>>> print(open('model-v3.pdb').read())   # PDB, C-alpha atoms (C1' of nucleotides)
ATOM      1  CA  MET A   1       0.000   0.000   0.000
ATOM      2  CA  PHE A   2       2.579   2.538   1.105
ATOM      3  CA  GLN A   3       5.516   2.941   3.406
ATOM      4  CA  ILE A   4       6.229   5.049   6.462
ATOM      5  CA  ASP A   5       9.366   7.163   6.416
ATOM      6  CA  LEU A   6      10.700   7.445   9.935
ATOM      7  CA  LYS A   7      13.262  10.041   8.843
ATOM      8  CA  ASN A   8      10.446  12.271   7.620
ATOM      9  CA  ARG A   9       9.789  15.351   9.725
ATOM     10  CA  LYS A  10       6.077  14.697   9.363
ATOM     11  CA  SER A  11       4.580  12.539  12.095
ATOM     12  CA  ILE A  12       3.539   8.984  11.310
ATOM     13  CA  TYR A  13      -0.208   9.586  11.492
ATOM     14  CA  GLU A  14       0.130  12.607   9.206
ATOM     15  CA  GLN A  15       1.974  10.483   6.659
ATOM     16  CA  ILE A  16      -0.820   7.917   6.809
ATOM     17  CA  VAL A  17      -3.450  10.616   6.313
ATOM     18  CA  ASP A  18      -1.594  12.073   3.340
ATOM     19  CA  ASN A  19      -0.899   8.709   1.738
ATOM     20  CA  VAL A  20      -4.478   7.460   2.034
ATOM     21  CA  LYS A  21      -5.826  10.783   0.792
ATOM     22  CA  GLU A  22      -3.460  10.517  -2.164
ATOM     23  CA  LEU A  23      -4.694   7.013  -2.993
ATOM     24  CA  ILE A  24      -8.296   8.209  -2.906
ATOM     25  CA  ILE A  25      -7.734  11.355  -4.953
ATOM     26  CA  THR A  26      -5.748   9.554  -7.632
ATOM     27  CA  GLY A  27      -8.429   6.909  -7.900
ATOM     28  CA  VAL A  28      -6.373   3.952  -6.689
ATOM     29  CA  LEU A  29      -8.997   3.594  -4.003
ATOM     30  CA  ASN A  30     -12.599   4.103  -5.079
ATOM     31  CA  ALA A  31     -15.789   4.833  -3.224
ATOM     32  CA  GLU A  32     -16.981   1.974  -1.000
ATOM     33  CA  ASP A  33     -13.606   0.255  -1.150
ATOM     34  CA  LYS A  34     -12.684  -1.261   2.178
ATOM     35  CA  LEU A  35      -9.588   0.037   3.901
ATOM     36  CA  PRO A  36      -7.369  -2.274   5.934
ATOM     37  CA  SER A  37      -8.583  -2.669   9.483
ATOM     38  CA  VAL A  38      -6.877  -0.733  12.227
ATOM     39  CA  ARG A  39      -5.157  -3.836  13.550
ATOM     40  CA  GLU A  40      -4.184  -5.141  10.131
ATOM     41  CA  LEU A  41      -2.640  -1.891   8.927
ATOM     42  CA  SER A  42      -0.836  -1.502  12.234
ATOM     43  CA  LYS A  43       0.823  -4.871  11.596
ATOM     44  CA  THR A  44       1.809  -4.223   7.974
ATOM     45  CA  LEU A  45       3.240  -0.790   8.820
ATOM     46  CA  THR A  46       4.554  -1.950  12.217
ATOM     47  CA  VAL A  47       3.096   1.029  14.016
ATOM     48  CA  ASN A  48       0.757   1.185  16.978
ATOM     49  CA  PRO A  49      -2.974   0.598  16.385
ATOM     50  CA  ASN A  50      -3.733   3.862  18.165
ATOM     51  CA  THR A  51      -1.701   5.734  15.552
ATOM     52  CA  ILE A  52      -3.735   4.173  12.740
ATOM     53  CA  GLN A  53      -6.917   5.011  14.592
ATOM     54  CA  LYS A  54      -5.837   8.622  14.900
ATOM     55  CA  ALA A  55      -5.166   8.812  11.167
ATOM     56  CA  TYR A  56      -8.514   7.219  10.281
ATOM     57  CA  ARG A  57     -10.331   9.589  12.636
ATOM     58  CA  GLU A  58      -8.725  12.537  10.899
ATOM     59  CA  LEU A  59      -9.589  11.176   7.455
ATOM     60  CA  GLU A  60     -13.175  10.665   8.541
ATOM     61  CA  TYR A  61     -13.324  14.216   9.883
ATOM     62  CA  GLN A  62     -12.099  15.503   6.524
ATOM     63  CA  GLY A  63     -14.793  13.496   4.772
ATOM     64  CA  TYR A  64     -12.602  11.071   2.852
ATOM     65  CA  ILE A  65     -13.670   7.885   4.610
ATOM     66  CA  TYR A  66     -16.457   6.628   6.845
ATOM     67  CA  THR A  67     -16.590   3.817   9.352
ATOM     68  CA  VAL A  68     -19.206   1.307  10.344
ATOM     69  CA  SER A  69     -18.632  -0.082  13.781
ATOM     70  CA  GLY A  70     -18.092  -3.817  13.647
ATOM     71  CA  LEU A  71     -17.713  -3.834   9.877
ATOM     72  CA  GLY A  72     -14.784  -1.701   8.931
ATOM     73  CA  THR A  73     -13.627   1.518   7.303
ATOM     74  CA  PHE A  74     -14.550   2.495   3.771
ATOM     75  CA  VAL A  75     -13.819   5.148   1.177
ATOM     76  CA  ALA A  76     -16.586   7.737   1.190
ATOM     77  CA  ALA A  77     -18.459   8.757  -1.916
ATOM     78  CA  HIS A  78     -18.131  12.492  -2.467
ATOM     79  CA  THR A  79     -20.444  12.959  -5.418
ATOM     80  CA  GLY A  80     -23.523  14.982  -4.743
ATOM     81  CA  LEU A  81     -21.845  16.905  -1.953
ATOM     82  CA  PRO A  82     -22.176  20.659  -2.248
ATOM     83  CA  ILE A  83     -18.940  22.095  -3.636
ATOM     84  CA  ASP A  84     -16.899  23.362  -0.714
ATOM     85  CA  ASP A  85     -15.960  26.869  -1.832
ATOM     86  CA  ASN A  86     -14.023  27.457   1.342
ATOM     87  CA  LYS A  87     -11.778  24.460   0.727
ATOM     88  CA  ILE A  88     -11.316  25.443  -2.901
ATOM     89  CA  ALA A  89     -10.274  28.927  -1.849
ATOM     90  CA  GLN A  90      -7.676  27.429   0.477
ATOM     91  CA  ILE A  91      -6.245  25.282  -2.290
ATOM     92  CA  LYS A  92      -6.211  28.253  -4.631
ATOM     93  CA  GLU A  93      -4.175  30.165  -2.080
ATOM     94  CA  ARG A  94      -1.693  27.273  -1.892
ATOM     95  CA  LEU A  95      -1.452  27.274  -5.684
ATOM     96  CA  ARG A  96      -0.804  31.012  -5.607
ATOM     97  CA  GLU A  97       2.009  30.558  -3.082
ATOM     98  CA  ASN A  98       3.639  27.905  -5.228
ATOM     99  CA  THR A  99       3.489  29.919  -8.442
ATOM    100  CA  ARG A 100       4.930  32.923  -6.594
ATOM    101  CA  GLU A 101       7.800  30.780  -5.404
ATOM    102  CA  LEU A 102       8.461  29.444  -8.901
ATOM    103  CA  PHE A 103       8.666  33.029 -10.118
ATOM    104  CA  TYR A 104      11.012  33.957  -7.285
ATOM    105  CA  LEU A 105      13.266  31.009  -8.080
ATOM    106  CA  GLY A 106      13.837  32.423 -11.526
ATOM    107  CA  CYS A 107      11.261  30.607 -13.623
ATOM    108  CA  SER A 108      10.194  32.619 -16.643
ATOM    109  CA  LEU A 109       6.514  33.228 -17.281
ATOM    110  CA  GLU A 110       6.712  30.845 -20.234
ATOM    111  CA  LYS A 111       8.197  28.135 -18.038
ATOM    112  CA  ILE A 112       5.477  28.595 -15.423
ATOM    113  CA  LYS A 113       2.809  28.596 -18.099
ATOM    114  CA  SER A 114       4.127  25.362 -19.570
ATOM    115  CA  ILE A 115       4.118  23.722 -16.124
ATOM    116  CA  LEU A 116       0.530  24.787 -15.445
ATOM    117  CA  ASP A 117      -0.547  23.677 -18.924
ATOM    118  CA  GLU A 118       1.035  20.293 -18.340
ATOM    119  CA  LEU A 119      -0.813  19.840 -15.065
ATOM    120  CA  LEU A 120      -4.080  20.806 -16.709
ATOM    121  CA  SER A 121      -3.579  18.355 -19.565
ATOM    122  CA  GLU A 122      -2.945  15.620 -16.995
ATOM    123  CA  ARG A 123      -6.420  16.309 -15.654
ATOM    124  CA  SER A 124      -7.872  16.266 -19.174
ATOM    125  CA  ASP A 125      -6.280  12.900 -19.886
ATOM    126  CA  TRP A 126      -7.654  11.468 -16.722
ATOM    127  CA  ASN A 127     -11.089  12.848 -17.548
ATOM    128  CA  ASP A 128     -10.994  11.192 -20.965
ATOM    129  CA  LYS A 129      -9.874   7.865 -19.569
ATOM    130  CA  SER A 130     -12.622   7.683 -16.985
ATOM    131  CA  LYS A 131     -15.282   8.152 -19.653
TER     132      LYS A 131
ATOM    133  CA  MET B 132       5.312  43.248   9.986
ATOM    134  CA  PHE B 133       3.130  40.228  10.741
ATOM    135  CA  GLN B 134       1.366  38.503  13.579
ATOM    136  CA  ILE B 135       1.713  35.137  15.272
ATOM    137  CA  ASP B 136      -1.405  33.015  15.569
ATOM    138  CA  LEU B 137      -1.190  30.965  18.742
ATOM    139  CA  LYS B 138      -4.276  28.994  17.735
ATOM    140  CA  ASN B 139      -2.540  27.868  14.558
ATOM    141  CA  ARG B 140      -1.446  24.259  14.518
ATOM    142  CA  LYS B 141       1.843  25.333  12.970
ATOM    143  CA  SER B 142       4.599  26.046  15.459
ATOM    144  CA  ILE B 143       5.661  29.615  16.077
ATOM    145  CA  TYR B 144       9.042  29.368  14.401
ATOM    146  CA  GLU B 145       7.427  27.790  11.329
ATOM    147  CA  GLN B 146       4.970  30.680  11.116
ATOM    148  CA  ILE B 147       7.863  33.120  11.261
ATOM    149  CA  VAL B 148       9.709  31.251   8.518
ATOM    150  CA  ASP B 149       6.629  31.218   6.286
ATOM    151  CA  ASN B 150       5.777  34.857   6.912
ATOM    152  CA  VAL B 151       9.265  36.160   6.221
ATOM    153  CA  LYS B 152       9.562  33.968   3.134
ATOM    154  CA  GLU B 153       6.250  35.381   1.952
ATOM    155  CA  LEU B 154       7.459  38.947   2.442
ATOM    156  CA  ILE B 155      10.599  38.206   0.440
ATOM    157  CA  ILE B 156       8.859  36.368  -2.393
ATOM    158  CA  THR B 157       6.195  39.027  -2.809
ATOM    159  CA  GLY B 158       8.814  41.741  -2.910
ATOM    160  CA  VAL B 159       7.833  43.536   0.288
ATOM    161  CA  LEU B 160      11.359  42.829   1.439
ATOM    162  CA  ASN B 161      14.081  43.243  -1.165
ATOM    163  CA  ALA B 162      17.632  42.009  -1.385
ATOM    164  CA  GLU B 163      19.996  43.554   1.181
ATOM    165  CA  ASP B 164      17.088  44.831   3.277
ATOM    166  CA  LYS B 165      17.815  44.488   6.965
ATOM    167  CA  LEU B 166      15.565  42.232   9.002
ATOM    168  CA  PRO B 167      14.660  43.091  12.582
ATOM    169  CA  SER B 168      17.276  41.870  15.020
ATOM    170  CA  VAL B 169      16.608  38.700  16.975
ATOM    171  CA  ARG B 170      15.988  40.637  20.185
ATOM    172  CA  GLU B 171      13.866  43.311  18.505
ATOM    173  CA  LEU B 172      11.573  40.867  16.721
ATOM    174  CA  SER B 173      11.251  38.798  19.870
ATOM    175  CA  LYS B 174       9.909  41.889  21.619
ATOM    176  CA  THR B 175       7.447  42.936  18.925
ATOM    177  CA  LEU B 176       6.085  39.406  18.574
ATOM    178  CA  THR B 177       6.424  38.687  22.310
ATOM    179  CA  VAL B 178       8.115  35.359  21.711
ATOM    180  CA  ASN B 179      11.395  34.037  22.976
ATOM    181  CA  PRO B 180      14.616  35.186  21.246
ATOM    182  CA  ASN B 181      15.618  31.555  20.803
ATOM    183  CA  THR B 182      12.506  30.960  18.724
ATOM    184  CA  ILE B 183      13.384  33.852  16.421
ATOM    185  CA  GLN B 184      16.910  32.556  16.148
ATOM    186  CA  LYS B 185      15.621  29.138  15.152
ATOM    187  CA  ALA B 186      13.458  30.677  12.423
ATOM    188  CA  TYR B 187      16.305  32.806  11.082
ATOM    189  CA  ARG B 188      18.631  29.797  11.067
ATOM    190  CA  GLU B 189      16.095  27.882   8.979
ATOM    191  CA  LEU B 190      15.622  30.802   6.581
ATOM    192  CA  GLU B 191      19.396  31.084   6.174
ATOM    193  CA  TYR B 192      19.637  27.355   5.501
ATOM    194  CA  GLN B 193      16.994  27.708   2.785
ATOM    195  CA  GLY B 194      18.947  30.545   1.233
ATOM    196  CA  TYR B 195      16.490  33.363   1.793
ATOM    197  CA  ILE B 196      18.571  35.424   4.201
ATOM    198  CA  TYR B 197      22.148  35.731   5.373
ATOM    199  CA  THR B 198      23.667  37.018   8.567
ATOM    200  CA  VAL B 199      26.745  38.993   9.421
ATOM    201  CA  SER B 200      27.814  38.562  12.994
ATOM    202  CA  GLY B 201      27.749  41.839  14.847
ATOM    203  CA  LEU B 202      25.845  43.564  12.056
ATOM    204  CA  GLY B 203      22.519  41.873  11.550
ATOM    205  CA  THR B 204      20.424  39.716   9.268
ATOM    206  CA  PHE B 205      19.682  40.631   5.664
ATOM    207  CA  VAL B 206      17.626  39.459   2.723
ATOM    208  CA  ALA B 207      19.811  37.458   0.365
ATOM    209  CA  ALA B 208      20.078  38.230  -3.330
ATOM    210  CA  HIS B 209      19.073  35.196  -5.342
ATOM    211  CA  THR B 210      19.919  36.452  -8.813
ATOM    212  CA  GLY B 211      22.763  34.696 -10.528
ATOM    213  CA  LEU B 212      22.163  31.528  -8.557
ATOM    214  CA  PRO B 213      21.870  28.476 -10.750
ATOM    215  CA  ILE B 214      18.222  27.562 -11.150
ATOM    216  CA  ASP B 215      17.476  24.867  -8.619
ATOM    217  CA  ASP B 216      15.750  22.238 -10.741
ATOM    218  CA  ASN B 217      15.307  19.985  -7.752
ATOM    219  CA  LYS B 218      13.400  22.647  -5.839
ATOM    220  CA  ILE B 219      11.310  23.451  -8.897
ATOM    221  CA  ALA B 220      10.426  19.792  -9.300
ATOM    222  CA  GLN B 221       9.257  19.711  -5.682
ATOM    223  CA  ILE B 222       7.039  22.741  -6.187
ATOM    224  CA  LYS B 223       5.666  21.244  -9.377
ATOM    225  CA  GLU B 224       4.714  18.134  -7.429
ATOM    226  CA  ARG B 225       2.901  20.294  -4.885
ATOM    227  CA  LEU B 226       1.064  22.063  -7.682
ATOM    228  CA  ARG B 227       0.084  18.686  -9.109
ATOM    229  CA  GLU B 228      -1.297  17.563  -5.747
ATOM    230  CA  ASN B 229      -3.384  20.700  -5.461
ATOM    231  CA  THR B 230      -4.862  20.475  -8.936
ATOM    232  CA  ARG B 231      -5.683  16.817  -8.315
ATOM    233  CA  GLU B 232      -7.495  17.805  -5.147
ATOM    234  CA  LEU B 233      -9.457  20.540  -6.938
ATOM    235  CA  PHE B 234     -10.559  17.948  -9.473
ATOM    236  CA  TYR B 235     -11.541  15.510  -6.752
ATOM    237  CA  LEU B 236     -13.571  18.203  -5.000
ATOM    238  CA  GLY B 237     -15.716  18.544  -8.086
ATOM    239  CA  CYS B 238     -14.123  21.430  -9.926
ATOM    240  CA  SER B 239     -14.683  21.248 -13.661
ATOM    241  CA  LEU B 240     -11.733  21.453 -16.002
ATOM    242  CA  GLU B 241     -12.920  24.900 -17.058
ATOM    243  CA  LYS B 242     -12.969  26.043 -13.440
ATOM    244  CA  ILE B 243      -9.470  24.725 -12.816
ATOM    245  CA  LYS B 244      -8.240  26.311 -16.017
ATOM    246  CA  SER B 245      -9.687  29.664 -15.053
ATOM    247  CA  ILE B 246      -7.992  29.469 -11.650
ATOM    248  CA  LEU B 247      -4.604  28.641 -13.167
ATOM    249  CA  ASP B 248      -5.018  31.377 -15.771
ATOM    250  CA  GLU B 249      -5.808  33.866 -13.048
ATOM    251  CA  LEU B 250      -2.682  32.935 -11.102
ATOM    252  CA  LEU B 251      -0.586  33.252 -14.239
ATOM    253  CA  SER B 252      -1.985  36.666 -15.046
ATOM    254  CA  GLU B 253      -1.132  37.787 -11.518
ATOM    255  CA  ARG B 254       2.496  36.955 -12.292
ATOM    256  CA  SER B 255       2.242  38.855 -15.585
ATOM    257  CA  ASP B 256       0.895  41.938 -13.845
ATOM    258  CA  TRP B 257       3.673  41.830 -11.330
ATOM    259  CA  ASN B 258       6.217  41.453 -14.088
ATOM    260  CA  ASP B 259       4.853  44.541 -15.835
ATOM    261  CA  LYS B 260       4.840  46.638 -12.681
ATOM    262  CA  SER B 261       8.447  45.869 -11.800
ATOM    263  CA  LYS B 262       9.629  47.085 -15.194
TER     264      LYS B 262
ATOM    265  C1'  DC C 263     -25.216 -18.881  21.287
ATOM    266  C1'  DC C 264     -20.376 -18.596  20.209
ATOM    267  C1'  DT C 265     -16.546 -16.773  18.001
ATOM    268  C1'  DA C 266     -13.592 -13.980  15.188
ATOM    269  C1'  DG C 267     -13.042  -9.627  13.358
ATOM    270  C1'  DT C 268     -14.266  -4.990  13.519
ATOM    271  C1'  DG C 269     -14.250   0.024  15.563
ATOM    272  C1'  DT C 270     -13.865   2.533  19.851
ATOM    273  C1'  DA C 271     -12.525   4.207  24.399
ATOM    274  C1'  DC C 272      -9.585   4.537  28.128
ATOM    275  C1'  DT C 273      -5.333   4.836  31.161
ATOM    276  C1'  DA C 274      -0.486   4.897  31.519
ATOM    277  C1'  DT C 275       4.209   5.587  30.019
ATOM    278  C1'  DA C 276       8.111   7.180  27.264
ATOM    279  C1'  DA C 277      10.197   9.990  23.774
ATOM    280  C1'  DT C 278      10.425  13.985  21.114
ATOM    281  C1'  DA C 279       9.634  18.700  19.659
ATOM    282  C1'  DG C 280       8.542  23.258  20.808
ATOM    283  C1'  DA C 281       8.970  27.166  23.632
ATOM    284  C1'  DT C 282      10.657  29.753  27.453
ATOM    285  C1'  DA C 283      14.291  31.630  30.756
ATOM    286  C1'  DG C 284      18.678  33.078  31.682
ATOM    287  C1'  DT C 285      23.522  33.639  30.951
ATOM    288  C1'  DA C 286      27.640  34.353  28.431
ATOM    289  C1'  DC C 287      30.777  35.493  24.616
ATOM    290  C1'  DA C 288      32.559  37.403  20.162
ATOM    291  C1'  DC C 289      31.879  40.624  16.731
ATOM    292  C1'  DT C 290      30.746  45.445  14.593
ATOM    293  C1'  DG C 291      30.400  50.413  14.245
ATOM    294  C1'  DT C 292      30.446  54.756  16.633
TER     295       DT C 292
ATOM    296  C1'  DA D 293      34.315  52.064  26.009
ATOM    297  C1'  DC D 294      29.803  51.177  24.599
ATOM    298  C1'  DA D 295      25.551  49.685  22.553
ATOM    299  C1'  DG D 296      23.739  46.609  19.362
ATOM    300  C1'  DT D 297      24.373  42.567  16.829
ATOM    301  C1'  DG D 298      24.549  37.198  16.145
ATOM    302  C1'  DT D 299      25.667  32.977  18.554
ATOM    303  C1'  DA D 300      26.061  29.246  21.935
ATOM    304  C1'  DC D 301      24.862  26.926  25.871
ATOM    305  C1'  DT D 302      22.212  24.821  29.856
ATOM    306  C1'  DA D 303      18.021  24.132  32.172
ATOM    307  C1'  DT D 304      13.113  23.711  32.564
ATOM    308  C1'  DC D 305       8.314  23.260  31.167
ATOM    309  C1'  DT D 306       4.656  21.889  28.126
ATOM    310  C1'  DA D 307       2.302  19.733  24.324
ATOM    311  C1'  DT D 308       2.501  16.430  20.854
ATOM    312  C1'  DT D 309       3.516  12.015  19.281
ATOM    313  C1'  DA D 310       3.917   7.222  19.731
ATOM    314  C1'  DT D 311       3.712   3.077  22.225
ATOM    315  C1'  DA D 312       1.608  -0.557  25.404
ATOM    316  C1'  DG D 313      -2.103  -2.790  27.296
ATOM    317  C1'  DT D 314      -6.850  -3.486  28.449
ATOM    318  C1'  DA D 315     -11.689  -3.430  27.801
ATOM    319  C1'  DC D 316     -16.203  -3.051  25.560
ATOM    320  C1'  DA D 317     -19.808  -2.970  21.870
ATOM    321  C1'  DC D 318     -20.934  -4.116  17.423
ATOM    322  C1'  DT D 319     -21.345  -7.317  13.103
ATOM    323  C1'  DA D 320     -21.260 -11.465  10.419
ATOM    324  C1'  DG D 321     -20.943 -16.371  10.034
ATOM    325  C1'  DG D 322     -21.057 -20.692  11.741
TER     326       DG D 322
END
>>> encode(input="model-v3.pdb", output="structure tokens")
Amino acid sequence: MFQIDLKNRKSIYEQIVDNVKELIITGVLNAEDKLPSVRELSKTLTVNPNTIQKAYRELEYQGYIYTVSGLGTFVAAHTGLPIDDNKIAQIKERLRENTRELFYLGCSLEKIKSILDELLSERSDWNDKSK
Amino acid sequence: MFQIDLKNRKSIYEQIVDNVKELIITGVLNAEDKLPSVRELSKTLTVNPNTIQKAYRELEYQGYIYTVSGLGTFVAAHTGLPIDDNKIAQIKERLRENTRELFYLGCSLEKIKSILDELLSERSDWNDKSK
DNA sequence: CCTAGTGTACTATAATAGATAGTACACTGT
DNA sequence: ACAGTGTACTATCTATTATAGTACACTAGG
């Protein structure tokens, strides 16, 4: 599934949150897919069950997964949810920061434009494939 | 200059690093500008001098500022430095993550495109002004 | 009903990071 | 000499992180 990097400055549960979120966003995990149980994932990653639980709780709070007591943890469906303008604004701000930094590092406008175009075409490709 | 948000989950020294970096990237602080001294900034922000020192050390490590013992801390000039392709690749990856997330949150391709175009035009405007 | 597997809650402990407090020293320019 | 600068160091406190262990309620399948 993924690995934990102990040298990473990010804490273990944060790495789990980010990795699972990544798998969901990229479509490796789809809605209603079952995630490994707390105990199982704690064995494969050799971390404490409580740490997994903390990560799953955070993911549930952010709306990426849901749990059914006694059954397990599953990827949440997000279709039909009202578009979260607040969250989108936050991401936009992060994008702005990153483009600013590219500019500061000496990237020309053309270079930045080509990078953004490439990212957009990646989304287009994905859109075509899923049809 | 800026404020520290104690409620923020980010640590104080990280907030200082991010804020100063922001001021440099956006051009509020220019090369060779003098930053507040460790003791001065610790007073205005009412945080410990050691915390300021930690932030400045990190900023120096990242190449944004430099210090002259006995004189003070200054914004580093970055022109003439070889373009750091590694750093650019990292930022590109962050941009990719963010666009993926926008897509996952239900943004249409047109919406994403308009956001990226807007960010690019902000860079163009800035470029024009500085001429 | 029993059992295995699931999420959940709780206490306790240890380790680490973050922040503060205080002191001291070397350097710079006036 | 002096004031202002960065720097280094120890010590202490707190919050976060991670681990360990236990316990309980729920679900599905014999």
>>> interface_residues(input="model-v3.pdb", of="chain C", to="chain A", cutoff="10 Å", atoms="all atoms listed in the file", output="list in words")
DG267, DT268, DG269 and DT270 of chain C
>>> closest_atom_pairs(input="model-v3.pdb", of="chain D", to="chain A", cutoff="12 Å", atoms="all atoms listed in the file", output="JSON lines")
{"residue": "D:DT308", "atom": "C1'", "partner": "A:Ser11", "partner_atom": "CA", "distance": 9.8}
{"residue": "D:DT309", "atom": "C1'", "partner": "A:Ser11", "partner_atom": "CA", "distance": 7.3}
{"residue": "D:DA310", "atom": "C1'", "partner": "A:Thr51", "partner_atom": "CA", "distance": 7.2}
{"residue": "D:DT311", "atom": "C1'", "partner": "A:Asn48", "partner_atom": "CA", "distance": 6.3}
{"residue": "D:DA312", "atom": "C1'", "partner": "A:Asn48", "partner_atom": "CA", "distance": 8.6}
{"residue": "D:DG313", "atom": "C1'", "partner": "A:Asn50", "partner_atom": "CA", "distance": 11.4}
{"residue": "D:DA317", "atom": "C1'", "partner": "A:Gly70", "partner_atom": "CA", "distance": 8.4}
{"residue": "D:DC318", "atom": "C1'", "partner": "A:Gly70", "partner_atom": "CA", "distance": 4.7}
{"residue": "D:DT319", "atom": "C1'", "partner": "A:Gly70", "partner_atom": "CA", "distance": 4.8}
{"residue": "D:DA320", "atom": "C1'", "partner": "A:Leu71", "partner_atom": "CA", "distance": 8.4}
>>> resolve_selection(input="model-v3.pdb", expression="the PyMOL selection byres ((chain A) within 7 of (chain B))", output="VMD selection string")
chain A and resid 25 83 88 91 95 to 96 98 100 to 102 104 to 106 113 116 119 to 120
>>> closest_residue(input="model-v3.pdb", among="B:Ile183, B:Tyr197, B:Met132, B:Asn150", to="C:DA281", atoms="all atoms listed in the file")
B:Ile183
>>> closest_residue(input="model-v3.pdb", among="B:Glu191, B:Glu163, B:Asp256, B:Glu171", to="D:DT297", atoms="all atoms listed in the file")
B:Glu171
>>> atom_distance(input="model-v3.pdb", atom1="atom CA of A:Lys54", atom2="atom CA of B:Asp149")
27.2 Å
>>> resolve_selection(input="model-v3.pdb", expression="the PyMOL selection byres ((chain A and resi 2) around 9)", output="list in words")
Met1, Gln3, Ile4, Ile16, Asn19, Val20 and Leu45 of chain A
>>> atom_distance(input="model-v3.pdb", atom1="atom C1' of D:DG321", atom2="atom CA of A:Leu29")
27.2 Å
>>> atom_distance(input="model-v3.pdb", atom1="atom CA of A:Glu14", atom2="atom CA of A:Ala55")
6.8 Å
>>> resolve_selection(input="model-v3.pdb", expression="the PyMOL selection byres ((chain C and resi 263) around 12)", output="list in words")
DC264 and DT265 of chain C; DG322 of chain D
>>> residues_near_point(input="model-v3.pdb", point="(7.5, 17.7, 24.6)", cutoff="6 Å", atoms="all atoms listed in the file", output="PDB file with C-alpha atoms (C1' of nucleotides), in the frame of the given file")
ATOM      1  C1'  DT C 278      10.425  13.985  21.114  1.00  0.00           C
ATOM      2  C1'  DA C 279       9.634  18.700  19.659  1.00  0.00           C
TER       3       DA C 279
ATOM      4  C1'  DA D 307       2.302  19.733  24.324  1.00  0.00           C
TER       5       DA D 307
END
